[in-house]
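K.L.:
input_34.cif is reproduced below (mmCIF, C-alpha atoms and all ligand atoms).
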data_upload
#
loop_
_atom_site.label_atom_id
_atom_site.label_comp_id
_atom_site.auth_asym_id
_atom_site.auth_seq_id
_atom_site.Cartn_x
_atom_site.Cartn_y
_atom_site.Cartn_z
CA MET A 1 1.74 6.51 -25.01
CA VAL A 2 -1.18 7.93 -23.06
CA VAL A 3 -2.04 5.86 -19.99
CA ASP A 4 -5.56 6.16 -18.63
CA TRP A 5 -4.55 5.87 -14.98
CA VAL A 6 -7.16 4.51 -12.61
CA ARG A 7 -7.56 7.03 -9.77
CA LEU A 8 -9.35 5.70 -6.74
CA LYS A 9 -10.49 7.11 -3.41
CA LEU A 10 -11.88 5.65 -0.21
CA ASP A 11 -14.04 7.55 2.27
CA LEU A 12 -12.54 6.55 5.61
CA ASP A 13 -15.52 7.93 7.52
CA ALA A 14 -17.71 5.40 5.71
CA PHE A 15 -15.21 2.50 5.69
CA ASP A 16 -16.74 -0.66 7.09
CA ASN A 17 -13.94 -1.71 9.43
CA ALA A 18 -15.86 -4.62 10.97
CA ARG A 19 -16.14 -6.26 7.56
CA PHE A 20 -12.39 -6.36 7.03
CA GLU A 21 -11.00 -6.87 10.56
CA PRO A 22 -11.53 -10.65 10.18
CA TYR A 23 -8.84 -10.71 7.45
CA LEU A 24 -6.37 -9.31 9.98
CA ARG A 25 -7.46 -11.83 12.60
CA ARG A 26 -7.24 -14.76 10.20
CA CYS A 27 -3.76 -13.79 9.01
CA ARG A 28 -2.59 -13.50 12.62
CA GLN A 29 -4.11 -16.89 13.41
CA ALA A 30 -2.14 -18.28 10.46
CA GLY A 31 1.07 -17.03 12.08
CA ILE A 32 1.59 -13.79 10.18
CA GLU A 33 2.80 -10.88 12.30
CA PHE A 34 2.20 -7.24 11.48
CA THR A 35 4.46 -4.39 12.42
CA THR A 36 5.63 -1.04 11.09
CA MET A 37 8.94 0.50 10.14
CA ALA A 38 8.57 2.78 13.16
CA ALA A 39 8.11 -0.14 15.54
CA LEU A 40 11.03 -2.09 14.09
CA GLY A 41 13.31 0.92 13.94
CA ASP A 42 13.65 3.10 10.86
CA ALA A 43 17.30 2.16 10.48
CA ALA A 44 19.47 1.74 7.36
CA GLU A 45 19.24 -2.06 7.39
CA HIS A 46 15.44 -1.94 7.56
CA ARG A 47 15.25 0.66 4.81
CA HIS A 48 17.36 -1.66 2.67
CA ALA A 49 15.02 -4.57 3.44
CA LEU A 50 12.02 -2.42 2.56
CA TYR A 51 13.67 -1.54 -0.74
CA GLU A 52 14.22 -5.20 -1.57
CA LEU A 53 10.62 -6.12 -0.75
CA ASN A 54 9.22 -3.17 -2.68
CA LYS A 55 11.44 -3.98 -5.66
CA THR A 56 10.38 -7.64 -5.73
CA CYS A 57 6.66 -6.82 -5.48
CA SER A 58 6.89 -3.98 -7.99
CA ALA A 59 8.25 -6.35 -10.64
CA ASP A 60 4.63 -7.51 -11.06
CA ILE A 61 3.19 -4.04 -11.67
CA PRO A 62 2.29 -3.79 -15.37
CA GLU A 63 4.65 -1.54 -17.31
CA ARG A 64 6.41 -0.50 -14.10
CA GLY A 65 9.74 -0.42 -15.93
CA GLU A 66 13.07 -0.58 -14.19
CA PHE A 67 12.92 -0.11 -10.44
CA TYR A 68 14.93 2.48 -8.54
CA THR A 69 18.47 1.77 -7.44
CA LEU A 70 18.78 1.71 -3.64
CA ASP A 71 20.15 5.25 -3.62
CA GLU A 72 17.33 6.49 -5.83
CA TYR A 73 14.77 4.75 -3.64
CA LEU A 74 16.16 6.29 -0.49
CA ALA A 75 16.25 9.75 -2.06
CA GLN A 76 12.85 9.64 -3.78
CA ARG A 77 10.74 7.41 -1.53
CA ILE A 78 12.22 7.57 1.97
CA GLU A 79 14.11 10.81 2.49
CA THR A 80 11.06 12.86 1.57
CA PRO A 81 8.82 15.07 3.74
CA THR A 82 5.83 12.74 3.34
CA TYR A 83 7.57 9.48 4.32
CA ASP A 84 6.37 8.34 7.75
CA PRO A 85 7.71 5.06 9.18
CA ARG A 86 4.48 4.76 11.21
CA GLY A 87 2.64 4.53 7.89
CA VAL A 88 4.71 1.63 6.56
CA VAL A 89 2.98 -1.60 7.56
CA LEU A 90 4.97 -4.81 7.22
CA ALA A 91 3.74 -8.40 7.22
CA VAL A 92 6.22 -10.90 8.61
CA ASP A 93 6.16 -14.68 8.27
CA GLY A 94 8.67 -16.64 10.33
CA GLY A 95 10.95 -13.61 10.53
CA SER A 96 10.80 -12.88 6.76
CA TRP A 97 9.16 -9.76 5.40
CA ILE A 98 6.49 -10.91 2.98
CA GLY A 99 4.22 -7.88 2.55
CA MET A 100 4.11 -4.10 2.81
CA ALA A 101 1.53 -1.33 2.71
CA ALA A 102 2.99 2.18 2.68
CA THR A 103 0.77 5.17 3.29
CA SER A 104 1.72 8.83 3.32
CA ILE A 105 -0.08 11.97 4.42
CA ARG A 106 -0.13 14.46 1.60
CA PRO A 107 0.05 18.23 2.10
CA GLU A 108 -3.25 18.52 0.18
CA GLY A 109 -4.91 16.98 3.26
CA HIS A 110 -5.51 13.38 2.30
CA ALA A 111 -3.76 10.06 2.80
CA PHE A 112 -2.16 8.33 -0.19
CA SER A 113 -1.55 4.63 -0.61
CA GLU A 114 1.99 4.63 -1.99
CA MET A 115 2.56 0.92 -2.40
CA THR A 116 0.87 -2.30 -1.39
CA GLY A 117 2.75 -5.48 -2.17
CA VAL A 118 2.72 -9.13 -1.17
CA LEU A 119 5.32 -11.67 -2.25
CA ALA A 120 3.92 -14.02 -4.90
CA SER A 121 4.34 -16.97 -2.51
CA HIS A 122 1.81 -15.41 -0.10
CA ARG A 123 -0.81 -13.93 -2.42
CA GLY A 124 -4.48 -14.81 -2.43
CA ARG A 125 -4.76 -15.24 1.34
CA GLY A 126 -6.22 -11.87 2.28
CA LEU A 127 -2.88 -10.39 3.30
CA SER A 128 -3.29 -7.16 1.37
CA LEU A 129 -6.71 -6.61 2.93
CA ALA A 130 -5.26 -7.22 6.41
CA MET A 131 -2.46 -4.72 5.82
CA LYS A 132 -4.92 -2.18 4.41
CA VAL A 133 -6.98 -2.42 7.62
CA LEU A 134 -3.84 -1.27 9.45
CA ALA A 135 -3.05 1.35 6.81
CA ILE A 136 -6.56 2.75 7.18
CA ARG A 137 -6.15 2.76 10.96
CA TYR A 138 -2.99 4.82 10.47
CA ALA A 139 -4.64 7.29 8.08
CA ARG A 140 -7.55 7.73 10.49
CA SER A 141 -5.16 8.26 13.39
CA ARG A 142 -3.71 11.17 11.41
CA GLY A 143 -7.17 12.68 11.06
CA MET A 144 -7.61 11.91 7.37
CA ARG A 145 -10.99 11.37 5.77
CA TRP A 146 -9.84 10.31 2.29
CA LEU A 147 -7.36 7.67 1.19
CA ARG A 148 -6.37 7.95 -2.45
CA THR A 149 -4.37 5.83 -4.85
CA LEU A 150 -3.43 5.50 -8.49
CA HIS A 151 -2.99 2.39 -10.62
CA HIS A 152 -2.01 1.39 -14.11
CA PRO A 153 -5.24 0.16 -15.76
CA GLY A 154 -3.63 -3.24 -16.36
CA ASN A 155 -3.06 -3.82 -12.64
CA THR A 156 -6.25 -5.80 -12.16
CA SER A 157 -5.24 -7.40 -8.86
CA ALA A 158 -4.42 -4.08 -7.17
CA ILE A 159 -7.53 -2.40 -8.59
CA GLY A 160 -9.62 -5.42 -7.52
CA MET A 161 -8.14 -5.31 -4.04
CA ASN A 162 -8.93 -1.64 -3.61
CA ARG A 163 -12.44 -1.91 -5.03
CA ARG A 164 -13.03 -4.81 -2.65
CA LEU A 165 -12.28 -2.38 0.21
CA GLY A 166 -14.76 0.13 -1.17
CA PHE A 167 -12.52 2.42 -3.21
CA VAL A 168 -14.42 4.23 -5.96
CA ASP A 169 -13.29 6.13 -9.04
CA GLU A 170 -12.29 9.73 -8.67
CA GLU A 171 -14.50 11.89 -10.84
CA PRO A 172 -13.62 13.19 -13.33
CA ARG A 173 -10.96 10.70 -14.41
CA PRO A 174 -8.45 12.66 -16.46
CA ALA A 175 -6.15 10.98 -18.96
CA MET A 176 -2.44 11.44 -18.21
CA ALA A 177 0.54 11.12 -20.46
C1 LIG B 1 -2.18 -6.48 -5.41
C2 LIG B 1 -1.64 -7.40 -4.34
C3 LIG B 1 -1.01 -6.55 -3.24
C4 LIG B 1 -2.81 -8.22 -3.73
O1 LIG B 1 -2.29 -8.93 -2.61
P1 LIG B 1 -3.00 -10.27 -2.06
O2 LIG B 1 -2.56 -10.43 -0.65
O3 LIG B 1 -2.75 -11.39 -2.96
O4 LIG B 1 -4.54 -9.89 -2.11
P2 LIG B 1 -5.66 -10.51 -1.19
O5 LIG B 1 -5.50 -11.98 -1.07
O6 LIG B 1 -5.73 -9.71 0.08
O7 LIG B 1 -6.96 -10.23 -2.06
C5 LIG B 1 -7.76 -9.10 -1.82
C6 LIG B 1 -8.70 -8.83 -2.95
O8 LIG B 1 -7.98 -8.33 -4.05
C7 LIG B 1 -8.57 -8.78 -5.27
N1 LIG B 1 -7.56 -9.55 -5.99
C8 LIG B 1 -6.44 -10.14 -5.49
N2 LIG B 1 -5.77 -10.75 -6.48
C9 LIG B 1 -6.48 -10.55 -7.61
C10 LIG B 1 -6.29 -10.92 -8.96
N3 LIG B 1 -5.21 -11.63 -9.35
N4 LIG B 1 -7.21 -10.51 -9.88
C11 LIG B 1 -8.28 -9.78 -9.50
N5 LIG B 1 -8.52 -9.41 -8.21
C12 LIG B 1 -7.62 -9.79 -7.30
C13 LIG B 1 -9.78 -9.61 -4.88
O9 LIG B 1 -10.90 -8.75 -4.83
C14 LIG B 1 -9.42 -10.04 -3.47
O10 LIG B 1 -10.51 -10.28 -2.65
P3 LIG B 1 -11.33 -11.66 -2.74
O11 LIG B 1 -10.32 -12.75 -2.88
O12 LIG B 1 -12.07 -11.71 -1.46
O13 LIG B 1 -12.19 -11.51 -3.94
C15 LIG B 1 -0.60 -8.40 -4.92
O14 LIG B 1 -1.17 -9.03 -6.04
C16 LIG B 1 0.72 -7.76 -5.32
O15 LIG B 1 1.63 -7.62 -4.50
N6 LIG B 1 0.85 -7.36 -6.61
C17 LIG B 1 2.11 -6.77 -7.11
C18 LIG B 1 2.36 -5.37 -6.57
C19 LIG B 1 1.27 -4.40 -6.97
O16 LIG B 1 0.81 -4.38 -8.10
N7 LIG B 1 0.92 -3.53 -6.01
C20 LIG B 1 -0.05 -2.50 -6.24
C21 LIG B 1 0.58 -1.27 -6.75
S1 LIG B 1 0.76 -0.09 -5.45
#
Spit out the file's structure as structure tokens when you get a sec.
P.N.:
Amino acid sequence: MVVDWVRLKLDLDAFDNARFEPYLRRCRQAGIEFTTMAALGDAAEHRHALYELNKTCSADIPERGEFYTLDEYLAQRIETPTYDPRGVVLAVDGGSWIGMAATSIRPEGHAFSEMTGVLASHRGRGLSLAMKVLAIRYARSRGMRWLRTLHHPGNTSAIGMNRRLGFVDEEPRPAMA
């Protein structure tokens, strides 16, 4: 079946940081802590925890299909040249990991939003926007102007979240098998 993937991009030079910083502040005031894989230590136990969180959140991606095994995840998502633990933002509530936003720097010269996920128990509170503020900070710190991402057209929450931040459609929007 042909899937008309939604390809989005955000101009980080034009991103209105001041508009979204309050989401970060409000989440912190509500007791949510934000950290990164680099700050926590990019160790095997943390990679396993990241896998579990990513797997749980990905179950809600339309037509995602079966998720990687841990070994596949490590090989295809972590032990790759573009994985950067500084680009993996984690949201923590009472010691539990409840959200992630993973960003990579692509060799083509742009940042790519690999995965944003929030546990169902914590959705609808601005957590994804707060994590994206930090993800954008990371991409800017690496000198990137563009942050890109790709979504299944049925993923209305993720598309809505990115459009809320100012992501626009890539033009042209090619159909992909
Ligand atoms: C997409 C996802 C990360 C959003 O997380 P969240 O913390 O609940 O989102 P927020 O509360 O920060 O909402 C941010 C914006 O996203 C949009 N949004 C969130 N949920 C939405 C929904 N169910 N339908 C439409 N838009 C939605 C809204 O524009 C919202 O802003 P607003 O409430 O001010 O209008 C979360 O639903 C999720 O983890 N989904 C499963 C994993 C996934 O699909 N990830 C994306 C693929 S990489």
K.L.:
Report as a list of chain:residue names all protein, DNA and RNA residues lying within 8 Å of Leu70 in chain A, evaluated on all atoms listed in the file, omitting residues in the same chain fewer than 3 positions from it.
P.N.:
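Surrounding residues, per the criterion: A:His48, A:Tyr51, A:Tyr73, A:Leu74.
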K.L.:
Please, which residues have at least one atom within 8 Å of an atom of ligand LIG 1 (chain B), using only C-alpha atoms and all ligand atoms, listed as an mmCIF file with C-alpha atoms, in the frame of the given file?
P.N.:
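The result, written out as part-v7.cif:
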data_model
loop_
_atom_site.group_PDB
_atom_site.id
_atom_site.type_symbol
_atom_site.label_atom_id
_atom_site.label_comp_id
_atom_site.auth_asym_id
_atom_site.auth_seq_id
_atom_site.Cartn_x
_atom_site.Cartn_y
_atom_site.Cartn_z
ATOM 1 C CA CYS A 57 6.660 -6.820 -5.480
ATOM 2 C CA SER A 58 6.890 -3.980 -7.990
ATOM 3 C CA ALA A 59 8.250 -6.350 -10.640
ATOM 4 C CA ASP A 60 4.630 -7.510 -11.060
ATOM 5 C CA ILE A 61 3.190 -4.040 -11.670
ATOM 6 C CA PRO A 62 2.290 -3.790 -15.370
ATOM 7 C CA GLY A 99 4.220 -7.880 2.550
ATOM 8 C CA SER A 113 -1.550 4.630 -0.610
ATOM 9 C CA GLU A 114 1.990 4.630 -1.990
ATOM 10 C CA MET A 115 2.560 0.920 -2.400
ATOM 11 C CA THR A 116 0.870 -2.300 -1.390
ATOM 12 C CA GLY A 117 2.750 -5.480 -2.170
ATOM 13 C CA VAL A 118 2.720 -9.130 -1.170
ATOM 14 C CA LEU A 119 5.320 -11.670 -2.250
ATOM 15 C CA ALA A 120 3.920 -14.020 -4.900
ATOM 16 C CA HIS A 122 1.810 -15.410 -0.100
ATOM 17 C CA ARG A 123 -0.810 -13.930 -2.420
ATOM 18 C CA GLY A 124 -4.480 -14.810 -2.430
ATOM 19 C CA ARG A 125 -4.760 -15.240 1.340
ATOM 20 C CA GLY A 126 -6.220 -11.870 2.280
ATOM 21 C CA LEU A 127 -2.880 -10.390 3.300
ATOM 22 C CA SER A 128 -3.290 -7.160 1.370
ATOM 23 C CA LEU A 129 -6.710 -6.610 2.930
ATOM 24 C CA ALA A 130 -5.260 -7.220 6.410
ATOM 25 C CA THR A 149 -4.370 5.830 -4.850
ATOM 26 C CA LEU A 150 -3.430 5.500 -8.490
ATOM 27 C CA HIS A 151 -2.990 2.390 -10.620
ATOM 28 C CA ASN A 155 -3.060 -3.820 -12.640
ATOM 29 C CA THR A 156 -6.250 -5.800 -12.160
ATOM 30 C CA SER A 157 -5.240 -7.400 -8.860
ATOM 31 C CA ALA A 158 -4.420 -4.080 -7.170
ATOM 32 C CA ILE A 159 -7.530 -2.400 -8.590
ATOM 33 C CA GLY A 160 -9.620 -5.420 -7.520
ATOM 34 C CA MET A 161 -8.140 -5.310 -4.040
ATOM 35 C CA ASN A 162 -8.930 -1.640 -3.610
ATOM 36 C CA ARG A 163 -12.440 -1.910 -5.030
ATOM 37 C CA ARG A 164 -13.030 -4.810 -2.650
#
K.L.:
Closest to Ile105 in chain A among A:Gly166, A:Leu90, A:Ile78, A:Met144, using all atoms listed in the file?
P.N.:
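Checking each candidate against Ile105 in chain A, we get A:Met144 as the closest.
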K.L.:
Report, in Å with one decimal, the straight-line distance from CA of Gln29 in chain A to CA of Ala14 in chain A.
P.N.:
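For CA of Gln29 in chain A relative to CA of Ala14 in chain A, the distance reads 27.2 Å.
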K.L.:
Using all atoms listed in the file, find the one residue out of A:Cys27, A:Ala111, A:Val168, A:Val2 that sits nearest to Ala91 in chain A.
P.N.:
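The shortest atom-to-atom distance to Ala91 in chain A comes from A:Cys27.
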K.L.:
Using only C-alpha atoms, which residue out of A:Thr35, A:Thr69, A:Thr56, A:Ser121 lies closest to Arg86 in chain A?
P.N.:
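Using only C-alpha atoms, the shortest distance to Arg86 in chain A belongs to A:Thr35.
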K.L.:
If you count all atoms listed in the file, which residues fall within 8 Å of His152 in chain A, apart from same-chain ones fewer than 6 positions away, as a list in words?
P.N.:
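Once the nearby chain positions are removed, what remains is Val3, Asp4, Trp5, Val6, Ile61, Pro62 and Glu63 of chain A.
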K.L.:
Of the candidates A:Trp97, A:Gln76, A:Glu66, A:Ala18, which shows the shortest atom-to-atom distance to Ile32 in chain A, using all atoms listed in the file?
P.N.:
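Looking at the shortest contact to Ile32 in chain A, the residue is A:Trp97.
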K.L.:
One decimal, in Å: what's the spacing between CA of Ala139 in chain A and CA of Thr103 in chain A?
P.N.:
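Interatomic distance here is 7.5 Å.
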K.L.:
Where atoms are missing, can you supply all heavy atoms for range 3-14 of chain A and output the lot as a CSV table (one decimal), in the frame of the given file?
P.N.:
chain,number,residue,atom,x,y,z
A,3,VAL,N,-1.5,6.9,-20.9
A,3,VAL,CA,-2.0,5.9,-20.0
A,3,VAL,C,-3.2,6.4,-19.2
A,3,VAL,O,-3.1,7.5,-18.7
A,3,VAL,CB,-1.0,5.4,-19.0
A,3,VAL,CG1,-1.5,4.5,-18.0
A,3,VAL,CG2,0.2,4.8,-19.7
A,4,ASP,N,-4.3,5.7,-19.3
A,4,ASP,CA,-5.6,6.2,-18.6
A,4,ASP,C,-5.5,5.6,-17.2
A,4,ASP,O,-6.2,4.6,-16.9
A,4,ASP,CB,-6.8,5.6,-19.4
A,4,ASP,CG,-8.1,6.3,-18.9
A,4,ASP,OD1,-8.0,7.3,-18.2
A,4,ASP,OD2,-9.1,5.8,-19.3
A,5,TRP,N,-4.8,6.3,-16.4
A,5,TRP,CA,-4.6,5.9,-15.0
A,5,TRP,C,-5.9,5.7,-14.3
A,5,TRP,O,-6.8,6.5,-14.4
A,5,TRP,CB,-3.7,6.9,-14.2
A,5,TRP,CG,-2.3,6.9,-14.7
A,5,TRP,CD1,-1.7,7.8,-15.6
A,5,TRP,CD2,-1.2,6.0,-14.4
A,5,TRP,NE1,-0.4,7.5,-15.9
A,5,TRP,CE2,-0.1,6.3,-15.1
A,5,TRP,CE3,-1.1,4.8,-13.6
A,5,TRP,CZ2,1.1,5.7,-15.1
A,5,TRP,CZ3,0.1,4.1,-13.5
A,5,TRP,CH2,1.2,4.6,-14.2
A,6,VAL,N,-6.0,4.7,-13.4
A,6,VAL,CA,-7.2,4.5,-12.6
A,6,VAL,C,-6.9,5.2,-11.3
A,6,VAL,O,-6.0,4.8,-10.5
A,6,VAL,CB,-7.4,3.0,-12.4
A,6,VAL,CG1,-8.6,2.8,-11.5
A,6,VAL,CG2,-7.7,2.3,-13.8
A,7,ARG,N,-7.7,6.2,-11.0
A,7,ARG,CA,-7.6,7.0,-9.8
A,7,ARG,C,-8.7,6.7,-8.8
A,7,ARG,O,-9.9,6.8,-9.2
A,7,ARG,CB,-7.6,8.5,-10.1
A,7,ARG,CG,-6.5,9.0,-10.9
A,7,ARG,CD,-6.7,10.4,-11.5
A,7,ARG,NE,-5.6,10.9,-12.2
A,7,ARG,CZ,-4.5,11.5,-11.6
A,7,ARG,NH1,-4.6,11.7,-10.3
A,7,ARG,NH2,-3.5,11.8,-12.3
A,8,LEU,N,-8.3,6.2,-7.7
A,8,LEU,CA,-9.4,5.7,-6.7
A,8,LEU,C,-9.3,6.4,-5.4
A,8,LEU,O,-8.2,6.9,-5.0
A,8,LEU,CB,-9.1,4.2,-6.5
A,8,LEU,CG,-9.2,3.3,-7.7
A,8,LEU,CD1,-8.7,1.9,-7.3
A,8,LEU,CD2,-10.6,3.3,-8.3
A,9,LYS,N,-10.4,6.5,-4.7
A,9,LYS,CA,-10.5,7.1,-3.4
A,9,LYS,C,-11.4,6.3,-2.5
A,9,LYS,O,-12.4,5.7,-3.0
A,9,LYS,CB,-11.0,8.6,-3.5
A,9,LYS,CG,-12.4,8.7,-4.0
A,9,LYS,CD,-12.8,10.2,-4.0
A,9,LYS,CE,-14.3,10.3,-4.5
A,9,LYS,NZ,-14.7,11.6,-4.5
A,10,LEU,N,-11.1,6.4,-1.2
A,10,LEU,CA,-11.9,5.6,-0.2
A,10,LEU,C,-12.3,6.7,0.9
A,10,LEU,O,-11.4,7.4,1.4
A,10,LEU,CB,-11.1,4.5,0.4
A,10,LEU,CG,-11.7,3.7,1.5
A,10,LEU,CD1,-12.9,2.8,0.9
A,10,LEU,CD2,-10.7,2.8,2.2
A,11,ASP,N,-13.5,6.7,1.2
A,11,ASP,CA,-14.0,7.6,2.3
A,11,ASP,C,-13.8,6.8,3.6
A,11,ASP,O,-14.5,5.8,3.9
A,11,ASP,CB,-15.5,7.9,2.0
A,11,ASP,CG,-16.1,8.8,3.1
A,11,ASP,OD1,-15.4,9.1,4.1
A,11,ASP,OD2,-17.2,9.3,2.8
A,12,LEU,N,-12.9,7.3,4.4
A,12,LEU,CA,-12.5,6.6,5.6
A,12,LEU,C,-13.6,6.7,6.7
A,12,LEU,O,-13.7,5.9,7.6
A,12,LEU,CB,-11.2,7.0,6.1
A,12,LEU,CG,-10.0,6.8,5.2
A,12,LEU,CD1,-8.7,7.3,5.8
A,12,LEU,CD2,-9.9,5.4,4.7
A,13,ASP,N,-14.4,7.8,6.6
A,13,ASP,CA,-15.5,7.9,7.5
A,13,ASP,C,-16.6,6.9,7.3
A,13,ASP,O,-17.3,6.5,8.2
A,13,ASP,CB,-16.2,9.3,7.4
A,13,ASP,CG,-15.3,10.4,7.9
A,13,ASP,OD1,-14.3,10.1,8.5
A,13,ASP,OD2,-15.7,11.6,7.8
A,14,ALA,N,-16.7,6.4,6.0
A,14,ALA,CA,-17.7,5.4,5.7
A,14,ALA,C,-17.1,4.0,5.7
A,14,ALA,O,-17.9,3.0,5.5
A,14,ALA,CB,-18.3,5.8,4.4
